[in-house]
Every structure is written in structure tokens, then in C-alpha cells.
>>> print(open('entry-v5.cif').read())   # mmCIF, C-alpha atoms
data_query
loop_
_atom_site.label_atom_id
_atom_site.label_comp_id
_atom_site.auth_asym_id
_atom_site.auth_seq_id
_atom_site.Cartn_x
_atom_site.Cartn_y
_atom_site.Cartn_z
CA MET A 16 -1.13 1.02 16.29
CA GLU A 17 0.70 -0.23 13.21
CA PHE A 18 -1.47 -2.07 10.71
CA LYS A 19 0.34 -4.63 8.62
CA TYR A 20 -0.96 -6.57 5.71
CA LEU A 21 -0.52 -10.33 5.60
CA LYS A 22 3.08 -11.29 4.89
CA ASP A 23 4.07 -11.44 1.21
CA VAL A 24 0.59 -11.06 -0.29
CA THR A 25 0.34 -7.37 -1.25
CA THR A 26 0.03 -6.56 -4.95
CA LEU A 27 2.50 -3.66 -4.69
CA ALA A 28 5.15 -3.66 -7.43
CA PHE A 29 7.90 -1.01 -7.53
CA ASP A 30 10.26 -0.53 -10.49
CA ALA A 31 13.33 1.32 -9.18
CA GLU A 32 14.64 1.80 -12.74
CA LYS A 33 11.63 3.99 -13.60
CA CYS A 34 11.78 6.00 -10.38
CA ILE A 35 12.69 9.69 -10.85
CA GLY A 36 13.03 10.39 -7.11
CA CYS A 37 10.23 12.97 -6.89
CA GLY A 38 9.19 11.74 -3.43
CA ILE A 39 5.45 11.85 -4.06
CA CYS A 40 5.02 8.17 -3.13
CA ALA A 41 6.53 8.79 0.29
CA GLU A 42 4.31 11.86 0.79
CA VAL A 43 1.01 10.19 -0.09
CA CYS A 44 1.53 6.75 1.47
CA PRO A 45 -0.42 6.62 4.73
CA HIS A 46 1.70 3.75 6.11
CA GLY A 47 5.26 4.79 5.27
CA VAL A 48 5.91 2.06 2.72
CA PHE A 49 8.38 4.25 0.78
CA ARG A 50 11.42 6.33 1.70
CA ILE A 51 13.56 8.61 -0.43
CA ALA A 52 17.34 8.35 -0.28
CA ASP A 53 19.97 9.40 -2.81
CA LYS A 54 17.23 10.86 -5.05
CA LYS A 55 15.46 7.51 -5.42
CA ALA A 56 12.53 5.87 -3.69
CA SER A 57 12.76 2.48 -2.10
CA VAL A 58 10.31 0.22 -0.34
CA VAL A 59 10.82 0.21 3.42
CA ASP A 60 8.38 -2.62 4.20
CA LYS A 61 6.11 -3.98 1.49
CA ASP A 62 3.90 -5.67 4.09
CA LEU A 63 2.83 -2.25 5.42
CA CYS A 64 1.02 -1.59 2.12
CA ILE A 65 -2.78 -1.46 2.50
CA GLU A 66 -3.28 -1.26 -1.27
CA CYS A 67 -5.01 2.12 -1.19
CA GLY A 68 -3.46 3.02 -4.55
CA ALA A 69 -2.34 6.55 -3.64
CA CYS A 70 1.28 5.89 -4.60
CA ALA A 71 0.52 4.41 -8.01
CA LEU A 72 -2.09 7.05 -8.81
CA ASN A 73 0.34 9.87 -8.04
CA CYS A 74 3.60 8.45 -9.46
CA PRO A 75 4.43 10.57 -12.53
CA ALA A 76 7.00 8.02 -13.75
CA GLY A 77 4.71 4.98 -13.61
CA ALA A 78 7.19 3.20 -11.34
CA ILE A 79 4.51 1.82 -9.02
CA GLU A 80 1.69 -0.62 -9.62
CA VAL A 81 -0.83 -1.86 -7.07
CA SER A 82 -4.29 -3.37 -7.29
CA ALA A 83 -6.22 -0.75 -5.35
CA GLY A 84 -9.53 -1.67 -3.79
CA VAL A 85 -8.38 -5.05 -2.56
CA GLY A 86 -6.91 -6.11 0.74
CA CYS A 87 -6.88 -4.23 4.00
CA ALA A 88 -7.68 -0.72 2.75
CA ALA A 89 -10.90 -1.85 1.12
CA ALA A 90 -11.76 -4.04 4.11
CA ILE A 91 -11.28 -1.22 6.61
CA ILE A 92 -13.39 1.22 4.58
CA LYS A 93 -16.11 -1.41 4.14
CA GLY A 94 -16.04 -2.05 7.90
CA TRP A 95 -16.51 1.66 8.62
CA ILE A 96 -19.44 1.88 6.22
CA THR A 97 -21.18 -1.28 7.37
CA GLY A 98 -20.20 -1.10 11.04
CA THR A 99 -18.57 -4.53 10.90
CA GLU A 100 -15.11 -5.84 11.72
CA PRO A 101 -12.75 -5.44 8.74
CA HIS A 102 -11.71 -8.65 6.99
CA CYS A 103 -9.20 -8.79 4.13
CA ASP A 104 -11.16 -11.40 2.15
CA CYS A 105 -7.90 -13.25 1.70
CA GLY A 106 -9.55 -16.63 1.95
CA GLY A 107 -8.99 -17.27 5.63
CA GLY A 108 -11.41 -14.75 7.08
CA GLU A 109 -8.47 -13.15 8.83
CA ARG A 110 -8.84 -9.79 10.53
CA CYS A 111 -6.78 -6.89 9.18
CA GLU A 112 -3.92 -6.21 11.60
#
>>> encode(input="entry-v5.cif", output="C-alpha cells")
Amino acid sequence: MEFKYLKDVTTLAFDAEKCIGCGICAEVCPHGVFRIADKKASVVDKDLCIECGACALNCPAGAIEVSAGVGCAAAIIKGWITGTEPHCDCGGGERCE
């Protein structure tokens, strides 16, 4: 199953100019948001981002920013802990899909 965030609402920001092409973002991203080509990263599909923060935390060049702890990643973890359905808290009570 492919989980997607709501269209055009993720906080992910990628600065290609700062990217050094190390590939760590692509390695740590659990949803395949990044790919490496021609020694540079690029965003494959921004809406796949669950805002876990792994990419930003591990980027040595500071090319990635994301507000971790919001959105679907936080909602899914909270759902596991509380035994409830995950909700993104995006204002519409929408389920994370």
C-alpha cells in the first residue's frame, strides 16, 4: 500500500543548489521521496513525504527542511500508541492515506 500525504500540503523544502549528491536522503526516506541522478538529489513526489524528518536530520549539506512531528508520520505513530485510526490533524479530520 502506498501512503500519500494530502496534495500540496507537506512542509518539505529541498534546495538543489545546496545538495552535494551524497544520497543519504534517498537512503533514509521510508517513502522514496528522493532519487539520486547525475550526482544530485531530486524530489520524485513531494506528496509522498510523511514529514518524519529523517532526510533533513541526516542531510550534511542542510539542503532539506521539513517540520517533523506534524502530518501523517506523527498521526500514524499516535494511532499505533493509542490504538486509534490515524488522522493528519489537517483541519478536515481526514484519514492518512
>>> residues_around(input="entry-v5.cif", residues="Ala71 of chain A", least_positions_apart="4", cutoff="12 Å", atoms="only C-alpha atoms", output="PyMOL selection string")
chain A and resi 26-30+34+39-41+43-44+49+64+66-67+75-83
>>> closest_residue(input="entry-v5.cif", among="A:Glu100, A:Glu32, A:Asp23, A:Asp60", to="Val48 of chain A", atoms="only C-alpha atoms")
A:Asp60
>>> atom_distance(input="entry-v5.cif", atom1="atom CA of His46 of chain A", atom2="atom CA of Val59 of chain A")
10.1 Å
>>> closest_residue(input="entry-v5.cif", among="A:Lys22, A:Ala56, A:Ile96, A:Gly68", to="Ile35 of chain A", atoms="only C-alpha atoms")
A:Ala56
>>> atom_distance(input="entry-v5.cif", atom1="atom CA of Gly94 of chain A", atom2="atom CA of Asp62 of chain A")
20.6 Å
>>> atom_distance(input="entry-v5.cif", atom1="atom CA of Pro101 of chain A", atom2="atom CA of Ile65 of chain A")
12.4 Å
